[in-house]
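A.B. asks: Below: one structure in structure tokens.
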Amino acid sequence: MLNISSDFDHGNIDCLDVSDPANIRLAIKKDGLAAFYQWFYFRVDGAAGQPLAMVIENASGASYVDGWNNYRAAASYDGEDWFRVDTTYDGKALTIRHTPDKDEIFYAYFAAYPTTRYRAFVEQMKSLSLLQHEVVGETLDGQTIDYFRAGDGPKQFWVIARQHPGETMGSWWMEGFLPMLADENDAAARRLRENATVHVVPCMNLDGARRGHLRTNAAGQDLNRAWRYASMEKSPEVYLVRERMRASGVDFFLDVHGDEAIPNNFLDQTEGAPSWNDEMAAAFERFSSLLLKKSRDFQTRDGYPQDKPGEANLDIANNYVADVWGCLSMTLEMPFKDANVNPDPVRGWSPERCRNFAREHLEVMAEIVR
Ligand SMILES: [Zn+2]
């Protein structure tokens, strides 16, 4: 008997009608108190060998409709290996067509990263001797916000991910970054730890993740629009991390995200911040060109349009940090679709590629640290 469910950690789908496997009618739920929606993650049971057409009927009202063009949904039998399946968008509905081999299968907007997996990862990282772990406080739903620190060098490097809970590539990226940062034998990690104190918040928006949100926390707040006026009532995640940054100072900031529409990896700089200067521009150019040399997955042609001088939105983390601390401050965007510069027809942009890309970032950080 075919069954669809999403009433679990990180799940999101409204099941309208499953009576016809060739026209399973679905809708994505909005982010609780906010109108955003695009993240979906659900389980199909009892459909082995059966051709399925899963129609997301409210796709055209999603937050980033350009994200559906040339998009293929992710599927997995075990939550570990995610592959892409045939998906079409007709301007109204998004239709996912697949014949599962097994009775239990998951479909998601991108390789899912539930908070259960996050907790297991945090426990592993806590066991590594070169990582110091602290809890910075609690989310509105009462989840602990974890912070890790490595190294004791004079430069203060900050790396955070997953302000937007549907952008799970940030968590997969962290699975590459943190273990390498704690590796005693890795030369790049050692150099980074000697020259910098590296502060890492692997998951900013745990409530949004557990609730199956695309973009906001339990209060309906987009955390990456909360940096200037963060509060314990609406955005404790940002408020508490910002306090830590004020205590340490910031010399380098990287905020890891995913972009729905653009089919490539790119870095967004802070040229619209009022404090922007030639030194910050040169630091960005250096980081970007070193990453371009190192990584087959990076490119610099596609990206966001530049802000006009002084017109950056300072509620966004990278602009806020650039303005307050006058340092190299960047947002990394990875694709939901695939990176056109080095495509993978089977998996698209994938967990393994996120992990690898993170290690390349760490190597570049080690090059620019002194
Ligand atoms: Zn984002």
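As shown in the structure tokens, the chain order sets the letters A, B, ...; within each chain, residues go from 1, and ligands are also counted from 1 in the order they appear.
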Kindly compile the residues surrounding ligand 1 within 6 Å, counting only C-alpha atoms and all ligand atoms, and format them as a PDB file with C-alpha atoms, in the first residue's frame.

C.D. replies:
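To be explicit, this is the file written out as part.pdb:
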```
ATOM      1  CA  HIS A 164      18.763  29.086   5.964  1.00  0.00           C
ATOM      2  CA  HIS A 257      24.687  29.008   1.903  1.00  0.00           C
ATOM      3  CA  GLY A 258      22.944  27.509  -1.121  1.00  0.00           C
TER       4      GLY A 258
END
```

A.B. asks: Step one, run DSSP on the backbone; step two, keep only residues of region 296-336 of chain A assigned to helix (DSSP H, G or I); then write them as JSON, numbers by chain.

C.D. replies: {"A": [317, 318, 319, 320, 321, 322, 323, 324, 325]}

A.B. asks: Write out as a compact mmCIF listing (two decimals) with N, CA and C atoms, in the first residue's frame which residues come within 9 Å of region 261-274 of chain A when counting only C-alpha atoms, dropping same-chain ones fewer than 4 positions away.

C.D. replies:
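Resulting contents of part03.txt:
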```txt
# COMPACT_ATOMS: atom_id res chain seq x y z
N TYR A 64 11.46 30.82 -4.84
CA TYR A 64 12.43 31.09 -5.92
C TYR A 64 12.08 30.22 -7.13
N VAL A 65 11.10 30.66 -7.91
CA VAL A 65 10.60 29.80 -8.99
C VAL A 65 11.68 29.51 -10.04
N ASP A 66 12.65 30.41 -10.20
CA ASP A 66 13.74 30.13 -11.15
C ASP A 66 14.52 28.87 -10.74
N GLY A 67 14.38 28.54 -9.49
CA GLY A 67 15.04 27.33 -9.00
C GLY A 67 14.53 26.05 -9.63
N TRP A 68 13.32 26.09 -10.21
CA TRP A 68 12.74 24.86 -10.77
C TRP A 68 13.21 24.58 -12.21
N ASN A 69 13.73 25.60 -12.88
CA ASN A 69 14.17 25.38 -14.26
C ASN A 69 15.46 24.57 -14.28
N ASN A 70 15.46 23.51 -15.10
CA ASN A 70 16.63 22.61 -15.19
C ASN A 70 17.01 22.03 -13.83
N TYR A 71 16.01 21.83 -13.01
CA TYR A 71 16.24 21.26 -11.68
C TYR A 71 15.86 19.78 -11.68
N MET A 280 40.03 45.64 1.43
CA MET A 280 39.04 44.56 1.47
C MET A 280 38.84 43.98 0.07
N ALA A 281 38.85 44.85 -0.93
CA ALA A 281 38.69 44.37 -2.31
C ALA A 281 39.85 43.46 -2.70
N PHE A 284 39.57 40.06 -1.04
CA PHE A 284 38.58 39.21 -1.71
C PHE A 284 39.16 38.65 -3.01
N SER A 288 39.50 34.69 -3.80
CA SER A 288 38.75 34.17 -4.94
C SER A 288 39.68 33.57 -6.00
N ASP A 297 35.53 23.05 -9.01
CA ASP A 297 34.10 23.30 -8.80
C ASP A 297 33.76 24.78 -8.65
N PHE A 298 34.77 25.63 -8.65
CA PHE A 298 34.53 27.06 -8.41
C PHE A 298 34.61 27.83 -9.73
N GLN A 299 33.96 28.97 -9.79
CA GLN A 299 34.00 29.84 -10.95
C GLN A 299 33.68 31.26 -10.47
N THR A 300 33.94 32.26 -11.34
CA THR A 300 33.72 33.65 -10.92
C THR A 300 32.84 34.43 -11.91
N ARG A 301 32.30 33.76 -12.93
CA ARG A 301 31.45 34.48 -13.89
C ARG A 301 30.03 34.66 -13.37
N ASP A 302 29.43 33.58 -12.88
CA ASP A 302 28.05 33.65 -12.39
C ASP A 302 28.05 34.07 -10.92
N GLY A 303 27.08 34.91 -10.56
CA GLY A 303 26.95 35.33 -9.16
C GLY A 303 25.88 36.39 -9.05
N TYR A 304 25.80 37.01 -7.89
CA TYR A 304 24.82 38.07 -7.67
C TYR A 304 25.31 39.37 -8.28
N GLN A 306 26.40 43.19 -8.36
CA GLN A 306 27.09 43.96 -7.32
C GLN A 306 26.17 45.02 -6.72
N ASP A 307 26.28 45.20 -5.40
CA ASP A 307 25.59 46.32 -4.74
C ASP A 307 26.28 47.62 -5.11
N LYS A 308 25.51 48.69 -5.17
CA LYS A 308 26.11 50.01 -5.39
C LYS A 308 26.84 50.44 -4.12
N PRO A 309 27.86 51.28 -4.25
CA PRO A 309 28.62 51.71 -3.06
C PRO A 309 27.70 52.23 -1.95
N GLY A 310 27.89 51.72 -0.76
CA GLY A 310 27.12 52.19 0.40
C GLY A 310 25.70 51.67 0.49
N GLU A 311 25.27 50.86 -0.49
CA GLU A 311 23.86 50.44 -0.50
C GLU A 311 23.63 49.00 -0.05
N ALA A 312 24.64 48.36 0.50
CA ALA A 312 24.46 46.97 0.94
C ALA A 312 23.44 46.89 2.08
N ASN A 313 22.71 45.78 2.12
CA ASN A 313 21.78 45.53 3.20
C ASN A 313 22.56 45.02 4.42
N LEU A 314 22.65 45.85 5.45
CA LEU A 314 23.47 45.50 6.61
C LEU A 314 22.76 44.55 7.58
N ASN A 318 27.12 38.85 5.92
CA ASN A 318 28.44 39.21 5.38
C ASN A 318 28.61 40.73 5.31
N ASN A 319 27.56 41.45 4.96
CA ASN A 319 27.66 42.91 4.91
C ASN A 319 27.82 43.51 6.31
N TYR A 320 27.08 42.96 7.26
CA TYR A 320 27.16 43.44 8.64
C TYR A 320 28.58 43.28 9.18
N ALA A 322 31.39 42.83 7.50
CA ALA A 322 32.32 43.68 6.75
C ALA A 322 32.26 45.10 7.29
N ASP A 323 31.06 45.57 7.56
CA ASP A 323 30.92 46.96 7.98
C ASP A 323 31.45 47.20 9.38
N LEU A 328 37.78 40.85 5.45
CA LEU A 328 37.30 39.99 4.37
C LEU A 328 36.08 39.22 4.88
N SER A 329 34.96 39.38 4.21
CA SER A 329 33.70 38.82 4.68
C SER A 329 32.91 38.35 3.46
N MET A 330 32.57 37.07 3.41
CA MET A 330 32.00 36.51 2.18
C MET A 330 30.83 35.58 2.48
N THR A 331 29.92 35.51 1.52
CA THR A 331 28.91 34.47 1.52
C THR A 331 29.27 33.48 0.43
N LEU A 332 29.34 32.21 0.78
CA LEU A 332 29.53 31.17 -0.23
C LEU A 332 28.16 30.63 -0.61
N GLU A 333 27.88 30.59 -1.90
CA GLU A 333 26.64 29.99 -2.39
C GLU A 333 26.98 28.75 -3.20
N MET A 334 26.36 27.64 -2.82
CA MET A 334 26.49 26.40 -3.59
C MET A 334 25.14 26.11 -4.25
N PRO A 335 25.13 25.39 -5.37
CA PRO A 335 23.87 25.20 -6.10
C PRO A 335 22.99 24.08 -5.54
N PHE A 336 21.66 24.26 -5.68
CA PHE A 336 20.74 23.15 -5.47
C PHE A 336 20.74 22.22 -6.68
N LYS A 337 21.03 22.79 -7.84
CA LYS A 337 20.95 22.02 -9.10
C LYS A 337 22.26 21.25 -9.28
N ASP A 338 23.18 21.84 -10.01
CA ASP A 338 24.52 21.29 -10.17
C ASP A 338 25.41 22.45 -10.53
N ALA A 339 26.72 22.23 -10.45
CA ALA A 339 27.66 23.24 -10.89
C ALA A 339 27.93 23.00 -12.37
N ASN A 340 27.58 23.96 -13.19
CA ASN A 340 27.74 23.79 -14.64
C ASN A 340 29.19 23.64 -15.06
N VAL A 341 30.12 24.15 -14.25
CA VAL A 341 31.53 24.08 -14.66
C VAL A 341 32.11 22.69 -14.54
N ASN A 342 31.50 21.81 -13.77
CA ASN A 342 32.07 20.46 -13.57
C ASN A 342 30.92 19.52 -13.20
N TRP A 349 25.12 18.50 -7.83
CA TRP A 349 25.91 18.97 -6.68
C TRP A 349 25.51 18.09 -5.50
```

A.B. asks: List every residue of region 24-75 of chain A that has an atom at most 9 Å from any atom of region 84-102 of chain A, and for each one report the closest atom pair and its distance in Å to one decimal, counting only C-alpha atoms, with rows sorted by chain and then by increasing residue number, as a Markdown table.

C.D. replies:
```
| residue | atom | partner | partner_atom | distance |
| --- | --- | --- | --- | --- |
| A:Asp45 | CA | A:Lys102 | CA | 8.6 |
| A:Gly46 | CA | A:Lys102 | CA | 7.9 |
| A:Ala47 | CA | A:Pro100 | CA | 6.6 |
| A:Ala48 | CA | A:Lys102 | CA | 4.5 |
| A:Gly49 | CA | A:Asp101 | CA | 5.6 |
| A:Gln50 | CA | A:Thr99 | CA | 5.3 |
| A:Pro51 | CA | A:Thr99 | CA | 4.3 |
| A:Leu52 | CA | A:His98 | CA | 5.4 |
| A:Ala53 | CA | A:Arg97 | CA | 4.6 |
| A:Met54 | CA | A:Ile96 | CA | 5.0 |
| A:Val55 | CA | A:Thr95 | CA | 4.4 |
| A:Ile56 | CA | A:Leu94 | CA | 5.1 |
| A:Glu57 | CA | A:Ala93 | CA | 4.6 |
| A:Asn58 | CA | A:Ala93 | CA | 6.2 |
| A:Ala59 | CA | A:Ala93 | CA | 5.1 |
| A:Ser60 | CA | A:Lys92 | CA | 4.8 |
| A:Gly61 | CA | A:Lys92 | CA | 8.2 |
| A:Val65 | CA | A:Gly91 | CA | 8.6 |
| A:Trp68 | CA | A:Tyr89 | CA | 6.2 |
| A:Asn69 | CA | A:Tyr89 | CA | 6.6 |
| A:Asn70 | CA | A:Thr88 | CA | 7.7 |
| A:Tyr71 | CA | A:Thr87 | CA | 6.7 |
| A:Arg72 | CA | A:Thr87 | CA | 4.9 |
| A:Ala73 | CA | A:Arg84 | CA | 5.6 |
| A:Ala74 | CA | A:Arg84 | CA | 4.6 |
| A:Ala75 | CA | A:Arg84 | CA | 6.0 |
```

A.B. asks: Using only N, CA and C atoms, please write the residues we just selected to a file, as a short mmCIF file (atom, residue, chain, number, x, y, z; two decimals), in the first residue's frame.

C.D. replies:
```cif
data_model
loop_
_atom_site.label_atom_id
_atom_site.label_comp_id
_atom_site.auth_asym_id
_atom_site.auth_seq_id
_atom_site.Cartn_x
_atom_site.Cartn_y
_atom_site.Cartn_z
N ASP A 45 6.61 4.95 0.97
CA ASP A 45 6.66 3.54 1.36
C ASP A 45 5.77 2.70 0.44
N GLY A 46 6.22 1.49 0.18
CA GLY A 46 5.38 0.52 -0.52
C GLY A 46 5.24 0.74 -2.01
N ALA A 47 6.28 1.28 -2.67
CA ALA A 47 6.15 1.58 -4.10
C ALA A 47 7.24 0.90 -4.93
N ALA A 48 7.91 -0.12 -4.39
CA ALA A 48 8.99 -0.77 -5.15
C ALA A 48 8.49 -1.24 -6.52
N GLY A 49 9.24 -0.90 -7.56
CA GLY A 49 8.90 -1.34 -8.91
C GLY A 49 7.76 -0.59 -9.56
N GLN A 50 7.20 0.37 -8.87
CA GLN A 50 6.04 1.09 -9.40
C GLN A 50 6.44 2.46 -9.97
N PRO A 51 6.11 2.73 -11.22
CA PRO A 51 6.43 4.07 -11.75
C PRO A 51 5.57 5.13 -11.06
N LEU A 52 6.26 6.12 -10.48
CA LEU A 52 5.55 7.17 -9.73
C LEU A 52 5.66 8.50 -10.47
N ALA A 53 4.59 9.26 -10.47
CA ALA A 53 4.65 10.67 -10.87
C ALA A 53 4.14 11.48 -9.68
N MET A 54 5.06 12.23 -9.07
CA MET A 54 4.74 13.00 -7.87
C MET A 54 4.66 14.47 -8.27
N VAL A 55 3.46 15.03 -8.18
CA VAL A 55 3.21 16.37 -8.72
C VAL A 55 3.08 17.38 -7.58
N ILE A 56 4.05 18.28 -7.49
CA ILE A 56 3.98 19.34 -6.48
C ILE A 56 3.18 20.49 -7.10
N GLU A 57 1.93 20.59 -6.68
CA GLU A 57 0.99 21.46 -7.40
C GLU A 57 1.18 22.94 -7.11
N ASN A 58 1.79 23.27 -5.98
CA ASN A 58 1.97 24.70 -5.66
C ASN A 58 3.39 25.20 -5.97
N ALA A 59 4.08 24.53 -6.89
CA ALA A 59 5.48 24.89 -7.17
C ALA A 59 5.62 26.32 -7.69
N SER A 60 4.66 26.80 -8.46
CA SER A 60 4.82 28.13 -9.07
C SER A 60 4.70 29.25 -8.04
N GLY A 61 4.21 28.94 -6.84
CA GLY A 61 4.15 29.96 -5.78
C GLY A 61 5.33 29.91 -4.84
N VAL A 65 11.10 30.66 -7.91
CA VAL A 65 10.60 29.80 -8.99
C VAL A 65 11.68 29.51 -10.04
N TRP A 68 13.32 26.09 -10.21
CA TRP A 68 12.74 24.86 -10.77
C TRP A 68 13.21 24.58 -12.21
N ASN A 69 13.73 25.60 -12.88
CA ASN A 69 14.17 25.38 -14.26
C ASN A 69 15.46 24.57 -14.28
N ASN A 70 15.46 23.51 -15.10
CA ASN A 70 16.63 22.61 -15.19
C ASN A 70 17.01 22.03 -13.83
N TYR A 71 16.01 21.83 -13.01
CA TYR A 71 16.24 21.26 -11.68
C TYR A 71 15.86 19.78 -11.68
N ARG A 72 16.61 18.97 -10.96
CA ARG A 72 16.23 17.56 -10.74
C ARG A 72 16.23 17.26 -9.25
N ALA A 73 15.17 16.63 -8.78
CA ALA A 73 15.03 16.33 -7.35
C ALA A 73 16.06 15.29 -6.92
N ALA A 74 16.37 15.30 -5.62
CA ALA A 74 17.31 14.34 -5.04
C ALA A 74 16.53 13.18 -4.42
N ALA A 75 17.08 11.98 -4.53
CA ALA A 75 16.43 10.79 -3.97
C ALA A 75 17.47 9.93 -3.27
#
```

A.B. asks: Using Å and a single decimal, report how far CA of Phe42 (chain A) sits from CA of Cys15 (chain A).

C.D. replies: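 CA of Phe42 (chain A) lies 9.7 Å from CA of Cys15 (chain A).
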
A.B. asks: Leaving out region 113-122 of chain A and any residue of its chain fewer than 5 positions from it, which residues lie within 8 Å of it when counting only C-alpha atoms, given as a PyMOL selection string?

C.D. replies: chain A and resi 9-10+146+168+171-172+175+206+209-210

A.B. asks: If we count only C-alpha atoms and set the cut-off at 9 Å, which residues sit around region 27-38 of chain A, ignoring sequence neighbours fewer than 6 positions away in its own chain? Please answer as a PyMOL selection string.

C.D. replies: chain A and resi 12-16+55-59+61-65+109+166+208+211-222

A.B. asks: Create the file for the chosen residues now, containing N, CA and C atoms and written as an mmCIF file, in the first residue's frame.

C.D. replies:
```
data_model
loop_
_atom_site.group_PDB
_atom_site.id
_atom_site.type_symbol
_atom_site.label_atom_id
_atom_site.label_comp_id
_atom_site.auth_asym_id
_atom_site.auth_seq_id
_atom_site.Cartn_x
_atom_site.Cartn_y
_atom_site.Cartn_z
ATOM 1 N N ASN A 12 8.930 17.853 5.064
ATOM 2 C CA ASN A 12 7.968 18.852 4.584
ATOM 3 C C ASN A 12 7.277 18.344 3.336
ATOM 4 N N ILE A 13 5.978 18.037 3.457
ATOM 5 C CA ILE A 13 5.107 17.870 2.287
ATOM 6 C C ILE A 13 3.670 17.759 2.797
ATOM 7 N N ASP A 14 2.760 18.280 2.009
ATOM 8 C CA ASP A 14 1.340 18.069 2.241
ATOM 9 C C ASP A 14 0.896 17.069 1.204
ATOM 10 N N CYS A 15 0.322 15.961 1.644
ATOM 11 C CA CYS A 15 -0.102 14.946 0.699
ATOM 12 C C CYS A 15 -1.591 15.147 0.410
ATOM 13 N N LEU A 16 -1.916 15.535 -0.826
ATOM 14 C CA LEU A 16 -3.308 15.849 -1.168
ATOM 15 C C LEU A 16 -4.066 14.611 -1.638
ATOM 16 N N VAL A 55 3.464 15.027 -8.178
ATOM 17 C CA VAL A 55 3.215 16.366 -8.721
ATOM 18 C C VAL A 55 3.083 17.378 -7.578
ATOM 19 N N ILE A 56 4.046 18.278 -7.488
ATOM 20 C CA ILE A 56 3.981 19.344 -6.478
ATOM 21 C C ILE A 56 3.185 20.493 -7.096
ATOM 22 N N GLU A 57 1.929 20.590 -6.683
ATOM 23 C CA GLU A 57 0.991 21.457 -7.399
ATOM 24 C C GLU A 57 1.183 22.945 -7.110
ATOM 25 N N ASN A 58 1.794 23.270 -5.984
ATOM 26 C CA ASN A 58 1.969 24.701 -5.665
ATOM 27 C C ASN A 58 3.387 25.199 -5.968
ATOM 28 N N ALA A 59 4.083 24.528 -6.887
ATOM 29 C CA ALA A 59 5.480 24.892 -7.174
ATOM 30 C C ALA A 59 5.621 26.324 -7.687
ATOM 31 N N GLY A 61 4.213 28.941 -6.836
ATOM 32 C CA GLY A 61 4.146 29.960 -5.781
ATOM 33 C C GLY A 61 5.334 29.913 -4.845
ATOM 34 N N ALA A 62 6.304 29.043 -5.127
ATOM 35 C CA ALA A 62 7.459 28.878 -4.238
ATOM 36 C C ALA A 62 8.312 30.146 -4.225
ATOM 37 N N SER A 63 9.209 30.233 -3.247
ATOM 38 C CA SER A 63 9.964 31.467 -3.022
ATOM 39 C C SER A 63 10.885 31.826 -4.186
ATOM 40 N N TYR A 64 11.463 30.825 -4.844
ATOM 41 C CA TYR A 64 12.431 31.093 -5.922
ATOM 42 C C TYR A 64 12.080 30.217 -7.127
ATOM 43 N N VAL A 65 11.095 30.662 -7.908
ATOM 44 C CA VAL A 65 10.601 29.798 -8.995
ATOM 45 C C VAL A 65 11.679 29.511 -10.044
ATOM 46 N N TYR A 109 14.438 18.237 -1.781
ATOM 47 C CA TYR A 109 14.867 19.349 -2.636
ATOM 48 C C TYR A 109 16.381 19.282 -2.862
ATOM 49 N N GLY A 166 16.862 25.197 4.805
ATOM 50 C CA GLY A 166 16.692 24.361 3.612
ATOM 51 C C GLY A 166 17.966 24.241 2.792
ATOM 52 N N GLY A 208 14.483 25.804 12.361
ATOM 53 C CA GLY A 208 13.998 25.756 10.993
ATOM 54 C C GLY A 208 14.280 24.404 10.350
ATOM 55 N N ARG A 211 11.895 21.788 11.783
ATOM 56 C CA ARG A 211 10.520 22.054 11.371
ATOM 57 C C ARG A 211 10.293 21.899 9.863
ATOM 58 N N GLY A 212 11.356 21.643 9.103
ATOM 59 C CA GLY A 212 11.199 21.489 7.659
ATOM 60 C C GLY A 212 11.015 22.805 6.927
ATOM 61 N N HIS A 213 11.608 23.886 7.469
ATOM 62 C CA HIS A 213 11.504 25.196 6.832
ATOM 63 C C HIS A 213 12.532 25.358 5.715
ATOM 64 N N LEU A 214 12.239 26.259 4.813
ATOM 65 C CA LEU A 214 13.210 26.675 3.796
ATOM 66 C C LEU A 214 14.184 27.704 4.354
ATOM 67 N N ARG A 215 13.643 28.714 5.054
ATOM 68 C CA ARG A 215 14.407 29.935 5.249
ATOM 69 C C ARG A 215 14.387 30.529 6.658
ATOM 70 N N THR A 216 13.390 30.229 7.459
ATOM 71 C CA THR A 216 13.222 30.973 8.716
ATOM 72 C C THR A 216 13.302 30.075 9.953
ATOM 73 N N ASN A 217 13.383 30.751 11.119
ATOM 74 C CA ASN A 217 13.439 30.022 12.388
ATOM 75 C C ASN A 217 12.024 29.856 12.958
ATOM 76 N N ALA A 218 11.947 29.458 14.239
ATOM 77 C CA ALA A 218 10.651 29.164 14.857
ATOM 78 C C ALA A 218 9.756 30.401 14.936
ATOM 79 N N ALA A 219 10.374 31.599 14.957
ATOM 80 C CA ALA A 219 9.589 32.842 15.043
ATOM 81 C C ALA A 219 9.267 33.403 13.655
ATOM 82 N N GLY A 220 9.593 32.666 12.608
ATOM 83 C CA GLY A 220 9.346 33.159 11.256
ATOM 84 C C GLY A 220 10.371 34.197 10.807
ATOM 85 N N GLN A 221 11.505 34.248 11.502
ATOM 86 C CA GLN A 221 12.554 35.227 11.188
ATOM 87 C C GLN A 221 13.585 34.632 10.237
ATOM 88 N N ASP A 222 13.875 35.327 9.151
ATOM 89 C CA ASP A 222 14.997 34.987 8.266
ATOM 90 C C ASP A 222 16.266 35.451 8.976
#
```

A.B. asks: Given the choices A:Ile368, A:Cys203, A:Ala317, A:Leu130, which gets closest to Arg242 (chain A) if the distance is worked out from only C-alpha atoms?

C.D. replies: A:Ala317

A.B. asks: Could you work out how far CA of Trp325 (chain A) lies from CA of Leu223 (chain A), giving the answer in Å with one decimal?

C.D. replies: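 Distance reported for this atom pair: 19.5 Å.
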
A.B. asks: Which one is closest to Thr197 (chain A): A:Asp259, A:Met365, A:Glu233, A:Ala112? Count only C-alpha atoms.

C.D. replies: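 Between A:Asp259, A:Met365, A:Glu233, A:Ala112, the residue approaching Thr197 (chain A) most closely is A:Met365.
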
A.B. asks: Given the choices A:Phe8, A:Asp186, A:Arg225, A:Tyr147, which gets closest to Leu131 (chain A) if the distance is worked out from only C-alpha atoms?

C.D. replies: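 Of the candidates, the smallest distance to Leu131 (chain A) is held by A:Tyr147.
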